[in-house]
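K.L.:
My structure is in input-v6.pdb, and what it holds is PDB, C-alpha atoms:
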ATOM      1  CA  MET A   1      80.403 133.533  86.137
ATOM      2  CA  LEU A   2      82.044 130.120  86.225
ATOM      3  CA  GLN A   3      83.437 129.292  89.673
ATOM      4  CA  LEU A   4      85.173 126.329  91.280
ATOM      5  CA  THR A   5      85.322 126.453  95.065
ATOM      6  CA  ALA A   6      86.995 124.102  97.533
ATOM      7  CA  THR A   7      86.525 124.759 101.241
ATOM      8  CA  PRO A   8      88.490 124.795 103.383
ATOM      9  CA  ALA A   9      91.336 125.756 101.061
ATOM     10  CA  SER A  10      93.868 124.886 103.774
ATOM     11  CA  ALA A  11      93.282 122.126 106.322
ATOM     12  CA  LEU A  12      94.649 118.928 107.809
ATOM     13  CA  ALA A  13      95.053 116.104 105.313
ATOM     14  CA  ASP A  14      92.316 114.023 106.965
ATOM     15  CA  GLU A  15      89.695 116.793 106.954
ATOM     16  CA  PRO A  16      86.974 116.722 104.273
ATOM     17  CA  VAL A  17      86.905 119.317 101.499
ATOM     18  CA  HIS A  18      83.643 120.596 100.020
ATOM     19  CA  ILE A  19      84.000 121.037  96.244
ATOM     20  CA  ARG A  20      81.369 122.959  94.245
ATOM     21  CA  VAL A  21      81.066 124.290  90.697
ATOM     22  CA  THR A  22      78.677 127.124  89.784
ATOM     23  CA  GLY A  23      77.939 129.102  86.631
ATOM     24  CA  LEU A  24      77.493 126.122  84.298
ATOM     25  CA  SER A  25      74.728 125.572  81.760
ATOM     26  CA  PRO A  26      71.884 123.302  82.901
ATOM     27  CA  SER A  27      72.749 119.591  82.365
ATOM     28  CA  GLN A  28      76.235 120.467  81.119
ATOM     29  CA  VAL A  29      78.760 117.623  81.471
ATOM     30  CA  VAL A  30      82.125 118.663  82.878
ATOM     31  CA  THR A  31      85.371 117.084  84.017
ATOM     32  CA  VAL A  32      86.951 117.853  87.369
ATOM     33  CA  LYS A  33      90.584 116.812  87.732
ATOM     34  CA  ALA A  34      92.949 116.737  90.695
ATOM     35  CA  SER A  35      96.731 116.744  90.452
ATOM     36  CA  LEU A  36      99.518 116.615  93.000
ATOM     37  CA  LYS A  37     103.308 116.448  92.882
ATOM     38  CA  ASP A  38     105.085 114.787  95.782
ATOM     39  CA  GLU A  39     108.432 115.898  97.181
ATOM     40  CA  LYS A  40     110.288 113.750  94.654
ATOM     41  CA  GLY A  41     108.462 115.306  91.726
ATOM     42  CA  ASN A  42     106.209 112.316  91.030
ATOM     43  CA  LEU A  43     102.873 113.336  89.541
ATOM     44  CA  PHE A  44      99.565 111.916  90.798
ATOM     45  CA  LEU A  45      96.287 112.477  88.926
ATOM     46  CA  SER A  46      92.574 111.756  89.263
ATOM     47  CA  LYS A  47      89.424 112.811  87.414
ATOM     48  CA  ALA A  48      85.652 112.459  87.427
ATOM     49  CA  PHE A  49      82.812 113.482  85.102
ATOM     50  CA  TYR A  50      79.764 115.319  86.436
ATOM     51  CA  ARG A  51      76.485 116.623  85.028
ATOM     52  CA  ALA A  52      75.271 120.026  86.242
ATOM     53  CA  ASN A  53      71.788 120.346  87.704
ATOM     54  CA  GLU A  54      69.082 122.679  86.397
ATOM     55  CA  ALA A  55      70.678 125.569  88.279
ATOM     56  CA  GLY A  56      73.998 124.968  86.508
ATOM     57  CA  GLN A  57      75.728 123.679  89.634
ATOM     58  CA  VAL A  58      77.737 120.624  90.648
ATOM     59  CA  ASP A  59      78.137 119.742  94.317
ATOM     60  CA  LEU A  60      80.413 116.769  95.022
ATOM     61  CA  GLU A  61      78.677 116.183  98.348
ATOM     62  CA  GLN A  62      75.393 115.489  96.563
ATOM     63  CA  ASP A  63      75.961 114.790  92.877
ATOM     64  CA  PRO A  64      77.178 111.435  91.558
ATOM     65  CA  ALA A  65      80.204 111.083  89.315
ATOM     66  CA  LEU A  66      79.208 109.628  85.944
ATOM     67  CA  GLY A  67      82.625 108.103  85.278
ATOM     68  CA  GLY A  68      86.338 108.712  85.382
ATOM     69  CA  ASP A  69      88.234 107.197  88.299
ATOM     70  CA  TYR A  70      85.055 106.426  90.246
ATOM     71  CA  VAL A  71      81.268 106.581  89.973
ATOM     72  CA  GLY A  72      78.621 107.620  92.458
ATOM     73  CA  VAL A  73      78.568 110.173  95.254
ATOM     74  CA  HIS A  74      82.052 110.467  96.742
ATOM     75  CA  PRO A  75      82.767 113.944  98.162
ATOM     76  CA  MET A  76      86.487 113.115  98.566
ATOM     77  CA  GLY A  77      86.785 110.861  95.542
ATOM     78  CA  LEU A  78      89.238 113.130  93.723
ATOM     79  CA  PHE A  79      91.618 112.794  96.670
ATOM     80  CA  TRP A  80      91.489 109.074  97.437
ATOM     81  CA  SER A  81      91.585 108.120  93.739
ATOM     82  CA  LEU A  82      94.838 109.976  93.017
ATOM     83  CA  LYS A  83      97.157 107.589  91.176
ATOM     84  CA  PRO A  84     100.733 107.932  89.925
ATOM     85  CA  VAL A  85     101.475 108.713  86.280
ATOM     86  CA  LYS A  86     104.608 106.590  86.651
ATOM     87  CA  ALA A  87     103.667 103.121  87.851
ATOM     88  CA  PHE A  88     104.534 101.765  91.299
ATOM     89  CA  GLN A  89     105.044 105.157  92.956
ATOM     90  CA  ARG A  90     103.694 105.508  96.485
ATOM     91  CA  LEU A  91     102.224 108.748  97.787
ATOM     92  CA  LEU A  92     103.963 109.376 101.128
ATOM     93  CA  LYS A  93     104.527 112.743 102.782
ATOM     94  CA  GLN A  94     108.143 113.129 103.845
ATOM     95  CA  ASP A  95     108.357 116.572 105.469
ATOM     96  CA  VAL A  96     105.277 116.528 107.689
ATOM     97  CA  MET A  97     106.137 119.645 109.697
ATOM     98  CA  ASN A  98     107.021 122.420 107.262
ATOM     99  CA  SER A  99     105.051 122.043 104.049
ATOM    100  CA  PRO A 100     101.680 120.693 102.861
ATOM    101  CA  PHE A 101     100.672 118.648  99.887
ATOM    102  CA  ARG A 102      99.239 121.048  97.315
ATOM    103  CA  VAL A 103      96.377 119.551  95.333
ATOM    104  CA  THR A 104      95.338 121.456  92.201
ATOM    105  CA  LEU A 105      91.702 121.118  91.130
ATOM    106  CA  ASP A 106      90.953 121.878  87.451
ATOM    107  CA  LEU A 107      87.576 122.253  85.770
ATOM    108  CA  TYR A 108      87.091 121.416  82.074
ATOM    109  CA  ASP A 109      83.805 122.210  80.333
ATOM    110  CA  SER A 110      83.737 118.901  78.448
ATOM    111  CA  VAL A 111      84.634 115.256  78.947
ATOM    112  CA  CYS A 112      88.437 114.819  79.064
ATOM    113  CA  PHE A 113      89.668 111.252  78.821
ATOM    114  CA  GLN A 114      93.422 111.738  78.460
ATOM    115  CA  ASP A 115      95.857 112.272  81.356
ATOM    116  CA  PRO A 116      97.549 114.653  81.155
ATOM    117  CA  THR A 117      95.656 116.746  78.614
ATOM    118  CA  GLU A 118      96.833 119.670  76.471
ATOM    119  CA  ASP A 119      93.509 121.446  76.965
ATOM    120  CA  GLN A 120      93.513 124.382  79.329
ATOM    121  CA  PRO A 121      91.135 124.274  82.298
ATOM    122  CA  ARG A 122      88.405 126.875  82.473
ATOM    123  CA  VAL A 123      89.097 127.505  86.160
ATOM    124  CA  SER A 124      91.423 126.105  88.825
ATOM    125  CA  GLN A 125      91.748 126.014  92.595
ATOM    126  CA  THR A 126      94.562 124.879  94.886
ATOM    127  CA  VAL A 127      94.001 123.099  98.188
ATOM    128  CA  GLN A 128      96.662 122.734 100.876
ATOM    129  CA  ARG A 129      96.673 119.485 102.846
ATOM    130  CA  TRP A 130      98.718 119.785 106.041
ATOM    131  CA  PHE A 131     100.055 117.047 108.319
ATOM    132  CA  SER A 132     100.706 119.178 111.412
ATOM    133  CA  THR A 133      99.183 122.065 113.326
ATOM    134  CA  PRO A 134     100.710 125.137 115.016
ATOM    135  CA  GLY A 135     102.362 124.205 118.309
ATOM    136  CA  LEU A 136     102.816 120.535 117.447
ATOM    137  CA  GLN A 137     106.306 119.253 118.311
ATOM    138  CA  ARG A 138     108.457 116.696 116.538
ATOM    139  CA  VAL A 139     111.243 115.145 118.656
ATOM    140  CA  GLN A 140     113.844 112.930 116.995
ATOM    141  CA  ILE A 141     114.301 109.735 119.020
ATOM    142  CA  ARG A 142     117.735 108.099 119.284
ATOM    143  CA  GLU A 143     117.743 106.510 122.731
ATOM    144  CA  GLY A 144     119.306 103.128 123.332
ATOM    145  CA  ARG A 145     118.396 101.033 120.335
ATOM    146  CA  VAL A 146     115.153 102.899 119.650
ATOM    147  CA  ARG A 147     114.936 105.016 116.498
ATOM    148  CA  GLY A 148     111.951 107.095 115.506
ATOM    149  CA  ALA A 149     110.169 110.414 115.887
ATOM    150  CA  LEU A 150     107.874 111.469 118.726
ATOM    151  CA  PHE A 151     105.021 113.851 117.930
ATOM    152  CA  LEU A 152     103.542 115.807 120.828
ATOM    153  CA  PRO A 153     100.349 117.897 120.673
ATOM    154  CA  PRO A 154     100.341 121.473 121.998
ATOM    155  CA  GLY A 155      99.777 121.749 125.734
ATOM    156  CA  GLU A 156     101.001 120.186 128.953
ATOM    157  CA  GLY A 157      99.201 116.859 128.677
ATOM    158  CA  PRO A 158      99.196 114.134 129.736
ATOM    159  CA  PHE A 159      98.214 112.705 126.366
ATOM    160  CA  PRO A 160      97.276 109.150 125.402
ATOM    161  CA  GLY A 161     100.397 107.499 123.990
ATOM    162  CA  VAL A 162     100.500 105.530 120.750
ATOM    163  CA  ILE A 163     103.232 103.655 118.880
ATOM    164  CA  ASP A 164     102.758 103.825 115.108
ATOM    165  CA  LEU A 165     104.146 100.928 113.039
ATOM    166  CA  PHE A 166     104.259 100.529 109.272
ATOM    167  CA  GLY A 167     105.157  97.387 107.353
ATOM    168  CA  GLY A 168     107.572  96.051 104.777
ATOM    169  CA  ILE A 169     108.315  99.486 103.345
ATOM    170  CA  GLY A 170     110.861  99.974 106.146
ATOM    171  CA  GLY A 171     112.393 103.280 107.150
ATOM    172  CA  LEU A 172     110.572 105.911 109.179
ATOM    173  CA  VAL A 173     107.052 106.863 108.056
ATOM    174  CA  GLU A 174     105.691 109.874 109.908
ATOM    175  CA  PHE A 175     102.553 111.231 108.231
ATOM    176  CA  ARG A 176     100.042 109.174 110.250
ATOM    177  CA  ALA A 177     101.784 109.893 113.547
ATOM    178  CA  SER A 178     101.807 113.646 112.932
ATOM    179  CA  LEU A 179      98.124 113.649 111.973
ATOM    180  CA  LEU A 180      97.201 111.734 115.125
ATOM    181  CA  ALA A 181      99.206 114.206 117.187
ATOM    182  CA  ALA A 182      97.217 117.011 115.577
ATOM    183  CA  HIS A 183      94.135 115.342 117.094
ATOM    184  CA  GLY A 184      95.508 115.109 120.631
ATOM    185  CA  PHE A 185      97.565 111.898 120.760
ATOM    186  CA  ALA A 186     101.249 111.648 121.609
ATOM    187  CA  VAL A 187     102.574 109.338 118.906
ATOM    188  CA  LEU A 188     105.915 107.616 118.462
ATOM    189  CA  ALA A 189     106.516 106.824 114.794
ATOM    190  CA  LEU A 190     108.775 103.834 115.263
ATOM    191  CA  ALA A 191     111.310 102.553 112.731
ATOM    192  CA  TYR A 192     112.471  98.967 113.056
ATOM    193  CA  PHE A 193     114.585  98.336 109.951
ATOM    194  CA  ALA A 194     116.114 100.164 106.948
ATOM    195  CA  TYR A 195     116.665 103.357 108.946
ATOM    196  CA  GLU A 196     119.886 104.910 110.271
ATOM    197  CA  ASP A 197     121.849 102.221 112.162
ATOM    198  CA  LEU A 198     118.976  99.711 112.290
ATOM    199  CA  PRO A 199     119.298  96.475 110.243
ATOM    200  CA  LYS A 200     119.030  97.066 106.506
ATOM    201  CA  GLN A 201     116.721  94.084 106.109
ATOM    202  CA  LEU A 202     114.159  92.545 108.434
ATOM    203  CA  LEU A 203     115.593  89.109 109.189
ATOM    204  CA  GLU A 204     113.858  88.683 112.541
ATOM    205  CA  VAL A 205     111.504  90.571 114.844
ATOM    206  CA  ASP A 206     113.112  91.269 118.219
ATOM    207  CA  LEU A 207     110.181  91.888 120.550
ATOM    208  CA  GLU A 208     112.529  93.308 123.174
ATOM    209  CA  TYR A 209     113.188  96.272 120.847
ATOM    210  CA  PHE A 210     109.480  97.111 120.808
ATOM    211  CA  GLU A 211     109.255  96.672 124.585
ATOM    212  CA  GLU A 212     112.105  99.166 124.925
ATOM    213  CA  ALA A 213     110.158 101.603 122.736
ATOM    214  CA  ALA A 214     107.003 101.123 124.818
ATOM    215  CA  ASN A 215     108.896 101.774 128.061
ATOM    216  CA  LEU A 216     110.539 104.854 126.553
ATOM    217  CA  LEU A 217     107.171 106.272 125.549
ATOM    218  CA  LEU A 218     105.541 105.555 128.922
ATOM    219  CA  ALA A 219     108.457 107.199 130.739
ATOM    220  CA  HIS A 220     107.847 110.523 128.998
ATOM    221  CA  PRO A 221     106.278 113.060 131.398
ATOM    222  CA  LYS A 222     103.570 114.030 128.893
ATOM    223  CA  ILE A 223     102.343 110.475 128.350
ATOM    224  CA  GLN A 224      99.222 109.230 130.100
ATOM    225  CA  SER A 225      99.618 106.108 132.254
ATOM    226  CA  PRO A 226      99.292 103.192 132.719
ATOM    227  CA  GLY A 227      99.238 101.832 129.151
ATOM    228  CA  ILE A 228      99.747 102.810 125.528
ATOM    229  CA  GLY A 229      98.115 101.913 122.240
ATOM    230  CA  VAL A 230      99.644 100.475 119.090
ATOM    231  CA  LEU A 231      98.508 101.447 115.596
ATOM    232  CA  SER A 232      99.950  99.091 112.997
ATOM    233  CA  VAL A 233      99.612  97.989 109.390
ATOM    234  CA  CYS A 234     100.832  95.039 107.283
ATOM    235  CA  LYS A 235     103.985  93.509 108.837
ATOM    236  CA  GLY A 236     103.643  96.091 111.585
ATOM    237  CA  ALA A 237     100.194  94.655 112.351
ATOM    238  CA  GLU A 238     101.747  91.257 112.995
ATOM    239  CA  ILE A 239     104.143  92.954 115.410
ATOM    240  CA  GLY A 240     101.333  95.008 116.939
ATOM    241  CA  LEU A 241      99.337  91.865 117.659
ATOM    242  CA  ALA A 242     102.396  90.218 119.231
ATOM    243  CA  MET A 243     102.895  93.316 121.392
ATOM    244  CA  ALA A 244      99.286  93.051 122.568
ATOM    245  CA  CYS A 245      99.860  89.381 123.391
ATOM    246  CA  TYR A 246     103.124  89.715 125.275
ATOM    247  CA  LEU A 247     103.670  93.265 126.549
ATOM    248  CA  LYS A 248     101.777  94.463 129.592
ATOM    249  CA  GLN A 249     102.491  98.065 128.577
ATOM    250  CA  VAL A 250     100.108  97.734 125.605
ATOM    251  CA  ALA A 251      96.501  98.450 126.555
ATOM    252  CA  ALA A 252      94.945  98.563 123.082
ATOM    253  CA  THR A 253      95.950  97.801 119.512
ATOM    254  CA  ILE A 254      94.647  98.436 116.015
ATOM    255  CA  CYS A 255      95.978  95.984 113.419
ATOM    256  CA  ILE A 256      95.289  96.825 109.777
ATOM    257  CA  ASN A 257      95.685  94.260 106.989
ATOM    258  CA  GLY A 258      98.116  91.997 108.791
ATOM    259  CA  PRO A 259      98.432  88.243 109.418
ATOM    260  CA  ASN A 260      97.148  86.733 112.651
ATOM    261  CA  ALA A 261     100.288  84.636 113.146
ATOM    262  CA  ILE A 262     104.025  84.884 112.567
ATOM    263  CA  PHE A 263     104.861  85.086 108.878
ATOM    264  CA  GLU A 264     108.072  85.157 106.807
ATOM    265  CA  VAL A 265     110.530  86.110 109.570
ATOM    266  CA  PRO A 266     110.785  84.704 113.133
ATOM    267  CA  LEU A 267     109.888  86.456 116.357
ATOM    268  CA  ARG A 268     112.596  86.528 119.028
ATOM    269  CA  ARG A 269     111.813  87.127 122.696
ATOM    270  CA  HIS A 270     113.974  87.180 125.795
ATOM    271  CA  TRP A 271     111.599  84.682 127.405
ATOM    272  CA  GLY A 272     109.860  81.565 126.160
ATOM    273  CA  PRO A 273     110.486  79.643 122.915
ATOM    274  CA  TYR A 274     111.738  81.098 119.662
ATOM    275  CA  LEU A 275     108.727  81.489 117.359
ATOM    276  CA  GLY A 276     109.218  80.971 113.642
ATOM    277  CA  PRO A 277     107.108  81.402 110.514
ATOM    278  CA  SER A 278     105.898  77.789 110.787
ATOM    279  CA  MET A 279     103.617  79.030 113.567
ATOM    280  CA  TRP A 280     101.009  79.683 110.852
ATOM    281  CA  GLU A 281     100.019  76.032 111.205
ATOM    282  CA  ALA A 282      99.923  76.433 114.992
ATOM    283  CA  GLY A 283      99.101  80.107 115.243
ATOM    284  CA  THR A 284      97.574  79.902 118.720
ATOM    285  CA  GLN A 285     101.024  79.097 120.135
ATOM    286  CA  LEU A 286     101.584  82.801 119.808
ATOM    287  CA  LEU A 287      99.085  83.224 122.617
ATOM    288  CA  GLU A 288     100.203  80.593 125.094
ATOM    289  CA  PRO A 289     102.798  82.322 127.354
ATOM    290  CA  HIS A 290     100.423  85.019 128.635
ATOM    291  CA  PRO A 291      96.642  85.064 128.995
ATOM    292  CA  LEU A 292      94.789  87.514 126.770
ATOM    293  CA  PRO A 293      91.464  89.264 127.283
ATOM    294  CA  SER A 294      88.813  86.757 126.270
ATOM    295  CA  HIS A 295      87.510  88.769 123.302
ATOM    296  CA  ILE A 296      90.973  88.827 121.669
ATOM    297  CA  TYR A 297      91.679  85.168 122.462
ATOM    298  CA  ILE A 298      88.318  83.929 121.172
ATOM    299  CA  TYR A 299      88.633  86.150 118.128
ATOM    300  CA  ILE A 300      91.975  84.693 117.054
ATOM    301  CA  ARG A 301      90.892  81.147 117.887
ATOM    302  CA  LEU A 302      87.895  81.686 115.597
ATOM    303  CA  VAL A 303      90.099  82.810 112.727
ATOM    304  CA  LYS A 304      92.406  79.824 113.206
ATOM    305  CA  ARG A 305      89.424  77.444 113.250
ATOM    306  CA  VAL A 306      88.130  78.892 109.965
ATOM    307  CA  TYR A 307      91.587  78.474 108.452
ATOM    308  CA  LEU A 308      91.901  74.873 109.607
ATOM    309  CA  GLU A 309      88.429  74.011 108.303
ATOM    310  CA  MET A 310      89.305  75.402 104.878
ATOM    311  CA  ARG A 311      92.635  73.574 104.894
ATOM    312  CA  ASP A 312      90.952  70.292 105.812
ATOM    313  CA  LYS A 313      88.610  70.726 102.838
ATOM    314  CA  GLU A 314      91.729  70.912 100.626
ATOM    315  CA  ARG A 315      91.039  74.510  99.657
ATOM    316  CA  SER A 316      94.331  76.298  99.194
ATOM    317  CA  ILE A 317      95.038  79.268 101.425
ATOM    318  CA  HIS A 318      98.039  81.533 101.389
ATOM    319  CA  PRO A 319      99.077  82.921 104.795
ATOM    320  CA  ARG A 320      98.366  86.434 103.538
ATOM    321  CA  CYS A 321      94.719  85.457 103.255
ATOM    322  CA  GLY A 322      94.645  85.618 107.042
ATOM    323  CA  CYS A 323      94.037  89.357 106.796
ATOM    324  CA  GLY A 324      90.934  88.692 104.706
ATOM    325  CA  LEU A 325      89.617  86.278 107.316
ATOM    326  CA  LEU A 326      90.234  88.805 110.044
ATOM    327  CA  GLN A 327      88.411  91.520 108.153
ATOM    328  CA  ALA A 328      85.467  89.206 107.559
ATOM    329  CA  LYS A 329      85.076  88.771 111.338
ATOM    330  CA  ARG A 330      85.795  92.296 112.513
ATOM    331  CA  GLU A 331      86.582  93.074 116.125
ATOM    332  CA  PRO A 332      86.583  96.842 116.766
ATOM    333  CA  LEU A 333      89.551  96.704 119.117
ATOM    334  CA  LEU A 334      91.787  95.090 116.512
ATOM    335  CA  TYR A 335      90.556  95.973 113.054
ATOM    336  CA  PHE A 336      88.621  98.686 111.276
TER     337      PHE A 336
END
Using structure tokens, write down the structure from this file.

P.N.:
Amino acid sequence: MLQLTATPASALADEPVHIRVTGLSPSQVVTVKASLKDEKGNLFLSKAFYRANEAGQVDLEQDPALGGDYVGVHPMGLFWSLKPVKAFQRLLKQDVMNSPFRVTLDLYDSVCFQDPTEDQPRVSQTVQRWFSTPGLQRVQIREGRVRGALFLPPGEGPFPGVIDLFGGIGGLVEFRASLLAAHGFAVLALAYFAYEDLPKQLLEVDLEYFEEAANLLLAHPKIQSPGIGVLSVCKGAEIGLAMACYLKQVAATICINGPNAIFEVPLRRHWGPYLGPSMWEAGTQLLEPHPLPSHIYIYIRLVKRVYLEMRDKERSIHPRCGCGLLQAKREPLLYF
């Protein structure tokens, strides 16, 4: 009997799923598709073609995809290759506490190239991908100027505290914070523009706002002292790196795909000079007011030296290329 299994059928969104097909003919080529509708009704699809082994089985943990949206052995390929039917739609979970993403897996006993297809699948399975666990708390934050959502794991704590920052998308993005809380971190998903009464557009970065958020998090009775971490991406990574440079409350930071100097909008502080986007040409000025741990300081100096060498050779570089340079010289504390 033809079977499509996906285990676990219900799990956190960052947990792997084992997908298997049994009951096929030996060497039969099949198509496995995944589909998902977000909370706005946008449809996301992915597919891959597989050849059954002599036992008539396909195991995504062992068998390579022959084509489709990826090739090779990728146990979670159907999930990470999901793409919108309507262009420029972004897959973001809005309600992280009360409902999962439901991913439908469909098996077709031939090669299906069209998306969507009018053919009916031979067998289907639905997988629930959750962003919270029982007992996890979400606390809306509206204290002083700070706006965000605090996610607390079950239990008394104290828990390691983290501020989670996204980039130019603006608003309040919560799915990563809730997932981290499900793994034992107390995480403040922090908005800094285009949310509630915050500025509609990001015209400047006020570092004092982020210091206020760090102090608020550290003052919570369930937060572990003496320092917090910052997890940041894109424009948020630029801010996260500045927080690591200037705020003593920040003990560790992860910066994903962000520039290593101030870019596009200026950074305002309540001490020292006003730092503007022109600091790309003098990026180490970002580091001058306070000493950094040597591995961070040397790391950023190295990136700046590479940039200056390329500039001197008259090879054009856009400031956004800074993230590529950083990824080429990875430092575990800052980038992964």

K.L.:
By how many Å are CA of Ser232 in chain A and CA of Ile262 in chain A apart?

P.N.:
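Distance reported for this atom pair: 14.8 Å.
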
K.L.:
Given the file above and the PyMOL selection byres ((chain A and resi 52) around 9), which residues are selected, and can you give them as a list in words?

P.N.:
Val21, Thr22, Leu24, Ser25, Pro26, Ser27, Gln28, Val29, Val30, Tyr50, Arg51, Asn53, Glu54, Ala55, Gly56, Gln57, Val58, Asp59 and Asp63 of chain A

K.L.:
So which residues touch Leu82 in chain A within 6 Å, counting all atoms listed in the file, skipping near sequence neighbours fewer than 6 positions away, as a list in words?

P.N.:
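The contact residues come out as Phe44, Leu45 and Ser46 of chain A.
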
K.L.:
Could you tell me how far CA of Ser35 in chain A lies from CA of Val103 in chain A, in Å and to one decimal?

P.N.:
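If I compute the distance from CA of Ser35 in chain A to CA of Val103 in chain A, I get 5.6 Å.
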
K.L.:
To verify the selection step, state as a CSV table (one decimal) with C-alpha atoms, in the coordinates of the input which residues the PyMOL selection byres ((chain A and resi 260) around 7) yields on this input.

P.N.:
chain,number,residue,atom,x,y,z
A,238,GLU,CA,101.7,91.3,113.0
A,258,GLY,CA,98.1,92.0,108.8
A,259,PRO,CA,98.4,88.2,109.4
A,261,ALA,CA,100.3,84.6,113.1
A,322,GLY,CA,94.6,85.6,107.0

K.L.:
Can you work out the spacing between CA of Lys40 in chain A and CA of Lys83 in chain A in Å, to one decimal?

P.N.:
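Distance between the two atoms: 14.9 Å.
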
K.L.:
I'd like to know which of A:Gln140, A:Gln62, A:Thr104, A:Ser124 is closest to Lys37 in chain A, using all atoms listed in the file.

P.N.:
A:Thr104

K.L.:
Here is a test: counting all atoms listed in the file, which residue of A:Pro160, A:Leu217, A:Val123, A:Arg145 is nearest to Ala191 in chain A?

P.N.:
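Of the candidates, the smallest distance to Ala191 in chain A is held by A:Arg145.
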
K.L.:
With a distance cut-off of 12 Å and all atoms listed in the file, select the neighbouring residues of Asn42 in chain A, excluding the residue or stretch itself and same-chain residues fewer than 6 positions from it, and output the selection as a list in words.

P.N.:
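After dropping sequence-adjacent residues, the list is Ser35, Leu36, Leu82, Lys83, Pro84, Val85, Lys86, Ala87, Phe88, Gln89, Arg90, Leu91, Leu92 and Lys93 of chain A.
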
K.L.:
Determine the nearest neighbour of Met243 in chain A from the options A:Glu211, A:Leu202, A:Phe151, A:Glu174, counting all atoms listed in the file.

P.N.:
A:Glu211

K.L.:
Can you pull out the residues contacting Tyr195 in chain A? Cut-off 9 Å, using only C-alpha atoms, and skip same-chain residues under 4 positions away; I want them as a VMD selection string.

P.N.:
chain A and resid 147 to 148 170 to 172 191 199 to 200

K.L.:
Given 5 Å on each side, where is the centre and what are the edge lengths in Å to one decimal of the axis-aligned box enclosing the listed atoms of range 94-98 of chain A, as JSON?

P.N.:
{"center_x": 106.8, "center_y": 117.8, "center_z": 106.8, "size_x": 13.1, "size_y": 19.3, "size_z": 15.9}

K.L.:
Considering all atoms listed in the file, can you say which of A:Asp14, A:Asp164, A:Glu212, A:Asp206 comes closest to Val230 in chain A?

P.N.:
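Looking only at the distances to Val230 in chain A, the closest residue turns out to be A:Asp164.
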